[in-house]
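Trainee: Structure: query-v2.cif, mmCIF, C-alpha atoms.
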```cif
data_final
#
loop_
_atom_site.label_atom_id
_atom_site.label_comp_id
_atom_site.auth_asym_id
_atom_site.auth_seq_id
_atom_site.Cartn_x
_atom_site.Cartn_y
_atom_site.Cartn_z
CA MET H 536 0.87 -27.29 -26.77
CA ALA H 537 0.10 -23.94 -25.10
CA ALA H 538 -1.17 -23.97 -21.52
CA PHE H 539 -4.05 -22.05 -20.00
CA VAL H 540 -2.87 -20.75 -16.60
CA ARG H 541 -4.76 -18.95 -13.87
CA VAL H 542 -4.37 -18.31 -10.15
CA SER H 543 -7.38 -18.68 -7.86
CA GLY H 544 -7.61 -17.69 -4.20
CA PRO H 545 -9.09 -19.68 -1.30
CA PRO H 546 -12.89 -20.29 -1.55
CA ASN H 547 -14.97 -17.13 -0.90
CA SER H 548 -11.94 -14.99 -0.09
CA ASN H 549 -9.14 -12.98 -1.61
CA PHE H 550 -5.57 -14.15 -2.42
CA LEU H 551 -4.36 -11.92 0.39
CA VAL H 552 -4.85 -13.40 3.86
CA GLY H 553 -4.00 -11.39 6.97
CA TYR H 554 -3.12 -7.71 7.24
CA PRO H 555 0.24 -6.49 5.81
CA GLY H 556 2.06 -4.37 8.39
CA ILE H 557 0.56 -6.30 11.35
CA SER H 558 2.88 -9.21 12.14
CA ALA H 559 0.41 -11.05 14.42
CA THR H 560 -1.82 -11.75 11.40
CA LEU H 561 1.00 -13.47 9.40
CA PRO H 562 0.17 -11.65 6.13
CA ARG H 563 0.40 -14.05 3.19
CA VAL H 564 -0.81 -14.72 -0.34
CA GLU H 565 -2.64 -18.05 -0.61
CA GLY H 566 -4.20 -19.89 -3.50
CA LYS H 567 -3.53 -22.41 -6.22
CA VAL H 568 -2.09 -22.29 -9.72
CA GLU H 569 -4.42 -24.05 -12.19
CA ILE H 570 -2.95 -25.31 -15.48
CA ARG H 571 -5.21 -26.69 -18.23
CA PRO H 572 -4.90 -27.22 -21.98
CA ALA H 573 -5.40 -23.92 -23.83
CA VAL H 574 -6.74 -25.61 -26.99
CA GLY H 575 -9.06 -28.58 -26.80
CA ILE H 576 -10.15 -30.04 -23.50
CA SER H 577 -8.22 -33.27 -23.89
CA ALA H 578 -5.01 -32.11 -25.60
CA PRO H 579 -2.23 -32.79 -23.06
CA VAL H 580 0.13 -29.98 -22.06
CA LEU H 581 3.87 -30.58 -21.70
CA VAL H 582 5.16 -29.19 -18.37
CA SER H 583 8.74 -29.34 -17.05
CA LEU H 584 8.74 -26.76 -14.25
CA VAL H 585 6.30 -24.38 -12.50
CA THR H 586 7.31 -21.58 -10.10
CA ILE H 587 5.46 -18.66 -8.56
CA ALA H 588 6.73 -15.39 -7.04
CA LEU H 589 5.21 -12.14 -5.81
CA HIS H 590 6.82 -9.25 -7.71
CA ARG H 591 6.78 -5.60 -6.63
CA ARG H 592 7.08 -3.12 -9.49
CA GLU H 593 7.89 0.47 -8.62
CA THR H 594 8.25 3.44 -10.96
CA ILE H 595 8.82 7.18 -10.55
CA HIS H 596 8.74 10.12 -12.93
CA PRO H 597 8.84 13.32 -10.80
CA HIS H 598 8.14 15.60 -13.80
CA ALA H 599 5.27 13.60 -15.33
CA GLU H 600 2.73 16.28 -14.29
CA SER H 601 4.39 18.99 -16.39
CA VAL H 602 4.19 18.64 -20.18
CA ALA H 603 7.16 20.98 -20.70
CA LYS H 604 9.44 19.29 -18.16
CA ARG H 605 8.39 15.76 -19.10
CA SER H 606 10.12 15.85 -22.50
CA LEU H 607 13.34 17.27 -21.02
CA ALA H 608 13.52 15.29 -17.78
CA ALA H 609 15.11 11.90 -17.23
CA PRO H 610 12.95 8.95 -18.34
CA ARG H 611 10.75 6.98 -16.00
CA LYS H 612 12.77 4.99 -13.47
CA GLU H 613 11.63 1.45 -12.64
CA ILE H 614 12.66 -1.35 -10.30
CA ILE H 615 11.27 -4.89 -9.92
CA ASP H 616 11.78 -6.82 -6.67
CA ILE H 617 10.71 -10.27 -5.47
CA VAL H 618 8.73 -10.08 -2.21
CA GLY H 619 9.48 -12.99 0.12
CA LYS H 620 10.76 -16.02 -1.84
CA GLU H 621 10.08 -17.59 -5.21
CA MET H 622 8.34 -20.98 -4.75
CA LEU H 623 9.00 -24.10 -6.79
CA LEU H 624 5.58 -25.73 -7.30
CA PHE H 625 6.40 -28.54 -9.72
CA ARG H 626 9.40 -30.16 -11.38
CA CYS H 627 9.17 -33.26 -13.54
CA PRO H 628 11.14 -36.31 -12.34
CA ALA H 629 14.89 -36.54 -13.03
CA GLY H 630 15.74 -38.01 -16.40
CA LYS H 631 12.50 -36.81 -18.00
CA GLU H 632 12.34 -33.69 -20.14
CA CYS H 633 8.70 -32.94 -19.36
CA ASP H 634 5.43 -34.46 -18.14
CA SER H 635 2.37 -34.76 -20.38
CA VAL H 636 -0.43 -33.28 -18.26
CA LEU H 637 -4.22 -32.98 -18.65
CA SER H 638 -4.78 -30.84 -15.56
CA MET H 639 -2.75 -29.45 -12.69
CA ASP H 640 -3.75 -27.74 -9.41
CA LEU H 641 -0.73 -26.58 -7.41
CA PRO H 642 -1.46 -24.99 -3.99
CA PHE H 643 0.93 -22.28 -2.74
CA VAL H 644 1.42 -19.82 0.11
CA ILE H 645 3.85 -16.89 -0.03
CA PHE H 646 4.50 -15.15 3.30
CA ILE H 647 4.84 -11.37 3.05
CA PRO H 648 7.74 -10.02 5.17
CA TYR H 649 6.51 -8.32 8.33
CA GLY H 650 9.73 -7.42 10.20
CA ARG H 651 11.00 -3.89 10.61
CA GLY H 652 14.12 -5.14 8.89
CA GLY H 653 16.38 -2.11 9.26
CA GLU H 654 19.22 -2.72 6.82
CA GLU H 655 17.80 -6.11 5.82
CA VAL H 656 15.78 -5.10 2.77
CA ALA H 657 14.35 -8.62 2.40
CA ARG H 658 12.64 -8.40 5.81
CA ARG H 659 11.06 -4.96 5.41
CA VAL H 660 7.28 -4.71 5.23
CA PRO H 661 6.53 -3.98 1.56
CA PRO H 662 4.89 -0.59 0.84
CA ALA H 663 1.20 -0.43 -0.09
CA SER H 664 -0.03 -0.37 -3.70
CA LEU H 665 -0.35 3.25 -4.80
CA GLN H 666 -0.61 5.30 -7.97
CA LEU H 667 -0.20 9.07 -7.70
CA PRO H 668 -1.85 11.41 -10.26
CA SER H 669 -0.07 11.45 -13.67
CA ARG H 670 1.81 8.33 -12.49
CA THR H 671 4.51 10.48 -10.88
CA ALA H 672 5.03 7.50 -8.53
CA GLU H 673 3.47 4.07 -8.39
CA THR H 674 3.88 0.74 -6.65
CA PHE H 675 2.01 -2.38 -7.64
CA TYR H 676 2.26 -6.12 -7.07
CA GLU H 677 1.67 -9.13 -9.27
CA LEU H 678 1.90 -12.87 -8.86
CA VAL H 679 4.15 -14.13 -11.66
CA VAL H 680 3.77 -17.80 -12.61
CA THR H 681 6.60 -19.22 -14.73
CA VAL H 682 5.78 -22.36 -16.73
CA GLN H 683 8.63 -24.18 -18.46
CA GLN H 684 7.33 -26.37 -21.30
CA GLY H 685 10.24 -28.47 -22.51
CA PRO H 686 13.80 -27.16 -22.96
CA GLN H 687 12.91 -24.38 -25.42
CA GLU H 688 9.72 -22.73 -24.24
CA GLN H 689 9.23 -20.72 -21.05
CA ARG H 690 6.22 -18.48 -20.46
CA LYS H 691 5.36 -16.07 -17.69
CA TYR H 692 1.81 -15.22 -16.57
CA ALA H 693 1.16 -12.18 -14.34
CA PHE H 694 -1.85 -11.66 -12.02
CA PRO H 695 -2.21 -8.32 -10.18
CA VAL H 696 -2.61 -8.39 -6.37
CA PRO H 697 -3.48 -5.06 -4.68
CA ILE H 698 -1.81 -4.72 -1.26
CA CYS H 699 -2.83 -2.30 1.51
CA ARG H 700 -0.91 -1.55 4.72
CA TYR H 701 -2.70 -1.54 8.08
CA ASP H 702 -0.04 -0.26 10.50
CA THR H 703 -1.17 3.39 10.20
CA LEU H 704 -4.81 2.89 11.30
CA SER H 705 -5.96 5.92 13.29
CA THR H 706 -7.65 3.60 15.84
CA PHE H 707 -4.31 2.27 17.15
CA GLY H 708 -3.42 3.51 20.64
CA MET H 709 -0.01 4.88 19.64
CA TYR H 710 -1.69 7.44 17.34
CA ASN H 711 -4.28 8.49 19.93
CA ARG H 712 -1.83 10.06 22.38
CA PRO H 713 -1.66 13.86 22.39
CA GLU H 714 1.36 15.31 20.56
CA SER H 715 2.72 18.75 21.40
CA ALA H 716 5.43 21.00 19.96
CA GLU H 717 6.83 24.52 20.51
CA ARG H 718 8.66 27.12 18.43
CA VAL H 719 10.13 30.49 19.58
CA THR H 720 10.76 33.67 17.57
CA ASP H 721 12.92 36.71 18.49
CA HIS H 722 12.99 35.43 22.11
CA LEU H 723 9.68 37.32 22.45
CA VAL H 724 6.87 34.88 21.61
CA THR H 725 6.48 31.12 21.93
CA LEU H 726 4.06 29.22 19.72
CA GLY H 727 2.86 25.96 21.24
CA ILE H 728 0.48 23.44 19.67
CA SER H 729 -1.21 20.28 20.86
CA LEU H 730 -2.89 17.59 18.73
CA PRO H 731 -5.29 15.15 20.44
CA ARG H 732 -4.22 12.45 17.93
CA TRP H 733 -1.84 12.32 15.00
CA SER H 734 -3.14 9.83 12.41
CA TYR H 735 -5.85 11.02 10.02
CA GLY H 736 -7.80 9.63 7.09
CA PRO H 737 -10.18 11.10 4.47
CA LEU H 738 -12.87 13.40 5.98
CA ASP H 739 -11.53 12.89 9.53
CA PRO H 740 -11.84 16.01 11.75
CA VAL H 741 -8.49 17.64 12.59
CA SER H 742 -8.38 19.94 15.62
CA VAL H 743 -5.34 21.88 16.85
CA TYR H 744 -4.98 23.62 20.21
CA ILE H 745 -2.79 26.71 19.77
CA LYS H 746 -1.13 28.84 22.45
CA LEU H 747 0.92 32.00 21.85
CA SER H 748 2.70 33.11 25.01
CA PRO H 749 4.99 36.12 25.66
CA ASN H 750 8.46 35.79 27.17
CA PRO H 751 8.06 37.08 30.80
CA ASP H 752 11.67 38.37 30.77
CA TRP H 753 10.90 40.70 27.81
CA MET H 754 7.34 41.60 28.74
CA ASN H 755 7.57 45.29 27.71
CA LYS H 756 8.62 44.36 24.19
CA ALA H 757 6.23 41.41 24.02
CA ARG H 758 3.22 43.69 24.86
CA ARG H 759 3.86 45.66 21.65
CA VAL H 760 3.42 42.52 19.51
CA THR H 761 0.12 42.27 17.64
CA ILE H 762 -1.14 38.83 16.62
CA GLN H 763 -2.57 39.41 13.17
CA LYS H 764 -3.49 36.00 11.78
CA ILE H 765 -3.13 32.28 12.56
CA THR H 766 -3.12 29.76 9.68
CA VAL H 767 -3.18 25.96 9.96
CA GLY H 768 -2.95 23.45 7.13
CA ILE H 769 -1.56 20.19 5.87
CA ASP H 770 1.43 19.82 3.52
CA GLU H 771 2.25 16.72 1.50
CA GLU H 772 5.96 16.21 0.83
CA ILE H 773 7.07 13.64 -1.75
CA ILE H 774 10.78 12.82 -1.84
CA PHE H 775 11.66 11.04 -5.08
CA ASN H 776 14.76 8.83 -5.08
CA HIS H 777 15.13 9.40 -1.32
CA GLU H 778 17.81 6.69 -0.96
CA GLY H 779 19.73 7.85 -4.06
CA ASP H 780 22.33 10.52 -4.83
CA GLU H 781 19.94 13.28 -5.91
CA PRO H 782 16.70 13.32 -3.91
CA HIS H 783 14.02 15.50 -5.49
CA ARG H 784 11.44 17.08 -3.13
CA LYS H 785 7.95 18.21 -4.08
CA VAL H 786 5.77 19.98 -1.50
CA LYS H 787 2.04 20.42 -2.08
CA VAL H 788 -0.46 22.25 0.14
CA LEU H 789 -3.49 19.97 0.65
CA THR H 790 -5.61 22.37 2.71
CA ARG H 791 -5.36 25.67 4.62
CA THR H 792 -7.64 27.48 7.05
CA SER H 793 -7.03 30.87 8.71
CA GLN H 794 -8.31 32.88 11.65
CA ASN H 795 -7.93 36.67 11.74
CA VAL H 796 -7.03 37.70 15.28
CA GLY H 797 -5.88 41.35 15.34
CA VAL H 798 -5.19 41.63 19.09
CA LYS H 799 -2.21 42.78 21.15
CA MET H 800 -0.35 40.03 22.96
CA PRO H 801 -2.07 39.51 26.38
CA GLU H 802 0.17 38.95 29.40
CA ALA H 803 -1.45 35.58 30.04
CA GLY H 804 -0.95 34.57 26.40
CA TYR H 805 -3.42 33.93 23.59
CA TYR H 806 -5.25 30.60 23.29
CA THR H 807 -7.38 29.31 20.42
CA ASN H 808 -8.60 26.08 18.86
CA LEU H 809 -8.66 25.68 15.08
CA GLY H 810 -10.18 22.77 13.21
CA PHE H 811 -10.91 21.55 9.69
CA VAL H 812 -11.80 18.36 7.86
CA PHE H 813 -9.03 16.32 6.24
CA PRO H 814 -9.49 16.59 2.45
CA ALA H 815 -10.88 13.58 0.55
CA LYS H 816 -10.92 12.70 -3.13
CA ASP H 817 -14.31 12.02 -4.72
CA HIS H 818 -14.07 9.26 -7.32
CA ARG H 819 -17.60 9.74 -8.69
CA ASP H 820 -18.15 11.45 -12.03
CA THR H 821 -20.70 14.21 -12.79
CA GLU H 822 -23.49 11.63 -12.87
CA GLY H 823 -22.50 10.16 -9.50
CA ILE H 824 -21.12 6.95 -10.99
CA LEU H 825 -17.99 5.31 -9.59
CA PRO H 826 -15.55 4.38 -12.37
CA ARG H 827 -14.35 0.79 -12.60
CA GLY H 828 -11.26 0.45 -10.42
CA ARG H 829 -7.98 -0.87 -11.77
CA LYS H 830 -7.03 -4.35 -10.64
CA GLU H 831 -3.56 -3.30 -9.48
CA PHE H 832 -4.66 -0.42 -7.21
CA PRO H 833 -7.30 -0.26 -4.46
CA MET H 834 -9.56 2.82 -4.69
CA TYR H 835 -8.46 5.19 -1.93
CA ALA H 836 -10.36 8.36 -1.00
CA VAL H 837 -7.01 10.16 -0.59
CA ALA H 838 -4.51 10.98 -3.36
CA GLY H 839 -1.60 9.69 -1.26
CA PHE H 840 -0.79 8.53 2.27
CA THR H 841 2.24 8.10 4.54
CA THR H 842 4.47 5.51 2.89
CA THR H 843 8.13 4.68 2.27
CA ALA H 844 9.03 2.79 -0.88
CA THR H 845 12.46 2.22 -2.44
CA LEU H 846 12.23 5.01 -5.02
CA TYR H 847 9.99 7.47 -3.19
CA LYS H 848 8.72 8.51 0.21
CA ILE H 849 5.55 10.45 1.13
CA GLU H 850 5.40 12.44 4.37
CA TYR H 851 2.77 14.77 5.82
CA TYR H 852 3.09 17.80 8.07
CA LEU H 853 0.55 19.82 9.99
CA THR H 854 1.73 23.44 9.63
CA VAL H 855 0.80 26.28 11.97
CA LYS H 856 1.82 29.84 11.10
CA ALA H 857 1.33 32.88 13.32
CA ARG H 858 1.63 36.25 11.55
CA MET H 859 2.58 39.09 13.88
CA SER H 860 3.69 42.70 13.78
CA ASN H 861 6.67 43.90 15.91
CA ALA H 862 7.93 40.30 15.93
CA LYS H 863 8.94 37.75 13.34
CA ASP H 864 6.29 35.31 12.07
CA ILE H 865 6.47 31.80 13.54
CA LEU H 866 6.08 28.64 11.42
CA LEU H 867 5.79 25.25 13.08
CA ARG H 868 5.70 21.97 11.07
CA GLN H 869 4.57 18.91 12.99
CA PRO H 870 4.86 15.46 11.30
CA ILE H 871 1.56 13.55 11.16
CA VAL H 872 0.52 10.18 9.73
CA VAL H 873 -2.03 9.96 6.90
CA CYS H 874 -3.98 6.71 6.67
CA PRO H 875 -5.84 5.66 3.49
CA PHE H 876 -8.97 4.79 5.55
CA ASP H 877 -11.20 7.10 7.59
CA HIS H 878 -11.63 6.67 11.36
CA ALA H 879 -14.93 4.75 11.00
CA GLY H 880 -13.32 2.40 8.47
CA CYS H 881 -10.37 1.84 10.80
CA LYS H 882 -12.75 0.93 13.65
CA GLU H 883 -14.48 -1.64 11.43
CA GLU H 884 -11.15 -3.27 10.58
CA MET H 885 -10.09 -3.70 14.22
CA GLU H 886 -12.39 -6.68 14.90
CA ALA H 887 -11.34 -8.41 11.67
CA ILE H 888 -7.65 -7.84 12.52
CA GLU H 889 -8.16 -9.48 15.93
CA GLN H 890 -9.85 -12.46 14.27
CA ALA H 891 -7.06 -12.73 11.66
CA ALA H 892 -4.48 -12.77 14.49
CA LYS H 893 -6.35 -15.64 16.20
CA ASP H 894 -6.48 -17.58 12.91
CA ALA H 895 -2.77 -16.94 12.26
CA ALA H 896 -1.85 -18.43 15.65
CA HIS H 897 -2.51 -21.89 14.13
CA VAL H 898 -0.30 -21.29 11.06
CA SER H 899 3.39 -22.12 11.05
CA PRO H 900 5.48 -20.10 8.56
CA ASP H 901 8.00 -22.99 8.42
CA ASN H 902 5.34 -25.62 7.66
CA PRO H 903 2.09 -24.04 6.44
CA MET H 904 0.41 -27.49 5.84
CA LEU H 905 -0.61 -26.98 2.21
CA PRO H 906 -2.99 -29.39 0.47
CA ALA H 907 -1.27 -31.88 -1.87
CA PRO H 908 -0.92 -30.91 -5.55
CA HIS H 909 -3.59 -32.45 -7.79
CA ILE H 910 -2.04 -33.56 -11.11
CA ILE H 911 -3.74 -35.64 -13.81
CA ARG H 912 -1.30 -36.98 -16.39
CA ALA H 913 -2.19 -38.02 -19.94
CA ASP H 914 -1.43 -41.68 -19.20
CA ASP H 915 -3.66 -41.87 -16.08
CA SER H 916 -6.32 -44.55 -16.57
CA ASN H 917 -9.11 -42.28 -15.33
CA GLY H 918 -7.56 -39.04 -16.64
CA TYR H 919 -10.34 -38.14 -19.07
CA ARG H 920 -12.97 -38.98 -16.45
CA ALA H 921 -11.55 -36.17 -14.24
CA LEU H 922 -12.11 -33.74 -17.16
CA GLY H 923 -15.73 -34.87 -17.53
CA MET H 924 -14.97 -36.84 -20.73
CA THR H 925 -14.98 -40.50 -21.70
CA PHE H 926 -14.51 -42.65 -24.82
CA VAL H 927 -17.40 -44.80 -26.09
CA GLY H 928 -16.45 -47.05 -28.99
CA GLY H 929 -13.39 -44.91 -29.70
CA VAL H 930 -15.51 -41.70 -29.82
CA ARG H 931 -15.04 -38.96 -27.21
CA LYS H 932 -18.28 -38.17 -25.35
CA PRO H 933 -19.23 -36.03 -22.29
CA LEU H 934 -19.27 -38.16 -19.16
CA ILE H 935 -22.68 -38.49 -17.50
CA GLU H 936 -22.35 -39.98 -14.06
#
```
Please, can you express the file's structure as structure tokens?
Mentor:
Amino acid sequence: MAAFVRVSGPPNSNFLVGYPGISATLPRVEGKVEIRPAVGISAPVLVSLVTIALHRRETIHPHAESVAKRSLAAPRKEIIDIVGKEMLLFRCPAGKECDSVLSMDLPFVIFIPYGRGGEEVARRVPPASLQLPSRTAETFYELVVTVQQGPQEQRKYAFPVPICRYDTLSTFGMYNRPESAERVTDHLVTLGISLPRWSYGPLDPVSVYIKLSPNPDWMNKARRVTIQKITVGIDEEIIFNHEGDEPHRKVKVLTRTSQNVGVKMPEAGYYTNLGFVFPAKDHRDTEGILPRGRKEFPMYAVAGFTTTATLYKIEYYLTVKARMSNAKDILLRQPIVVCPFDHAGCKEEMEAIEQAAKDAAHVSPDNPMLPAPHIIRADDSNGYRALGMTFVGGVRKPLIE
């Protein structure tokens, strides 16, 4: 007899408990696997074994955006990994082939790795769910329940679980320290920049302090330099197959803004401040309606964000270019972090993260104190009563308490 299987989360909350990427919150997937008869409320289901695992599926197709290249390029590459450990939820007693079951509720908790891991792949924090345009790269997660029904039949049931990462929030102190960098050209001019912070989300303001200073040892030559134009922008760099033999890089300009200067290099140097708003993606259609989101992927207001998966890696750079005459142009690329949430959204999450860390302090990963499984077998004296049924004179009737 076929089984009806579903996974439900804790009451009034999601499967995902805690914040992946933040170890103090002990990120985990909690819930219970519910097994019922698929046909007829009282037809028993034969069950030998039930397991659950969190699977990460990752695919890349670097040329999916181009119709011409897509037919010539290598096919889509895919990997499937188990996150954490597969859990055995039920096994029928030794010597029996299977149990005849009317209903089954099997609680589970799967801890998501939260260590930096280094070479230990199993301990690395899993990357966030993401789908790039044209599916050039995607990562998604699903809970896979395996139900063995007797020696012959084994069925798998998949339930998508979107996973976000919270270790790049722009409200964290490490991202709110000023970052500075310098680049020299022709030994004549030095370009210096300073960023007040270096993690940004959709529609966050980005401001860059820029300083062009002459080399005092070559002042006569430096005075002849004319600063023509200063351009700042953000580049997105996707490296496909970054751990493999042939990495494939794709650089895309997300935004650019320029300032025409047209002045000779002053002895004291030239200072300016340029700013722009980090670009955001609008999901609404022409009538202002948000489309229904896909279960596997959260709706982000950015196309991509800083992430490292097994098959691909996405990095972001703030670029500053100074165009000059009588000296070579200077280009400076400063790595930045792009977060899927804006600064206001990050602030809102901070309180909830603190609370999740307090809650996690009472949870032991070695012994998470799960509720006992609730199994009603076909031969239980009150089995039908638990399903809301009873027999009156040999006829099945709904039970009215």
Trainee: Enumerate, as a ChimeraX atom specification, the residues matched when the PyMOL selection byres ((chain H and resi 850-858) around 7) is run on the file above.
Mentor: /H:762-773,841,848-849,859,864-873
Trainee: Using Å and a single decimal, report how far atom CA of H:Ala757 sits from atom CA of H:Thr792.
Mentor: 26.0 Å
Trainee: Go through H:Tyr735, H:Tyr835, H:Glu632, H:Gly727 and flag the residue nearest H:Leu667, using only C-alpha atoms for the distances.
Mentor: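 Of H:Tyr735, H:Tyr835, H:Glu632, H:Gly727, the one nearest H:Leu667, counting only C-alpha atoms, is H:Tyr835.
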Trainee: Take the PyMOL selection byres ((chain H and resi 580) around 7), run it mentally on this structure, and tell me the resulting residues as a VMD selection string.
Mentor: chain H and resid 536 to 538 572 578 to 579 581 to 582 635 to 637
Trainee: Measure the distance from atom CA of H:Gly797 to atom CA of H:Asn861 in Å and round it to one decimal.
Mentor: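 Calculated distance between atom CA of H:Gly797 and atom CA of H:Asn861 is 12.8 Å.
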Trainee: To one decimal place, how far is atom CA of H:Pro801 from atom CA of H:Val741 in Å?
Mentor: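 Value for the atom CA of H:Pro801-atom CA of H:Val741 distance: 26.6 Å.
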Trainee: Let me know the residues the PyMOL selection byres ((chain H and resi 586-592) around 8) catches in the file above, as a PyMOL selection string.
Mentor: chain H and resi 584-585+593-594+613-625+645+674-682
Trainee: So, with only C-alpha atoms as the atoms that count, which of H:Lys893, H:Lys799, H:His909, H:Arg784 lies closest to H:Ser558?
Mentor: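 Answer, going by the shortest atom-to-atom distance: H:Lys893.
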Trainee: Fewer than 5 positions away in the same chain doesn't count, so skip those; otherwise give me all residues within 12 Å of H:Ile557, counting all atoms listed in the file, as a ChimeraX atom specification.
Mentor: /H:552,562-563,647-651,660-661,699-704,707,885,888-889,891-892,895
Trainee: Which one of H:Leu665, H:Lys785, H:Asn547, H:Leu747 sits closest to H:Lys830 if you count only C-alpha atoms?
Mentor: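 Under the stated criterion, the closest residue is H:Leu665.
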Trainee: Could you check the closest approach to H:Thr725 for each of H:Asn711, H:Asn750, H:Thr925, H:Ser742 and tell me which residue wins, using all atoms listed in the file?
Mentor: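 Counting all atoms listed in the file, the residue closest to H:Thr725 is H:Asn750.
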Trainee: Between H:Leu561, H:Ala672, H:Met904, H:Met709, which one has atoms that come closest to H:Asn776, using all atoms listed in the file?
Mentor: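 Of H:Leu561, H:Ala672, H:Met904, H:Met709, the one nearest H:Asn776 is H:Ala672, counting all atoms listed in the file.
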Trainee: Mind checking which residues fall within 6 Å of H:Leu738, counting all atoms listed in the file, ignoring those fewer than 3 positions away in the same chain, and posting them as a list in words?
Mentor: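 Near H:Leu738, the qualifying residues are Val812, Phe813, Pro814 and Ala815 of chain H.
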Trainee: Using all atoms listed in the file, find the one residue out of H:Pro826, H:Pro628, H:Gly708, H:Pro782 that sits nearest to H:Ile595.
Mentor: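 Closest to H:Ile595, using all atoms listed in the file: H:Pro782.
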Trainee: Can you pull out the residues contacting stretch 642-644 of chain H? Cut-off 6 Å, using all atoms listed in the file, and skip same-chain residues under 6 positions away; I want them as a list of chain:residue names.
Mentor: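 Contacts, in chain order: H:Val564, H:Glu565, H:Gly566, H:Lys567.
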Trainee: Taking C-alpha atoms for each residue, export the selection above as a CSV table (one decimal), keeping the file's coordinate frame.
Mentor:
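File written: result_34.csv
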```
chain,number,residue,atom,x,y,z
H,564,VAL,CA,-0.8,-14.7,-0.3
H,565,GLU,CA,-2.6,-18.0,-0.6
H,566,GLY,CA,-4.2,-19.9,-3.5
H,567,LYS,CA,-3.5,-22.4,-6.2
```
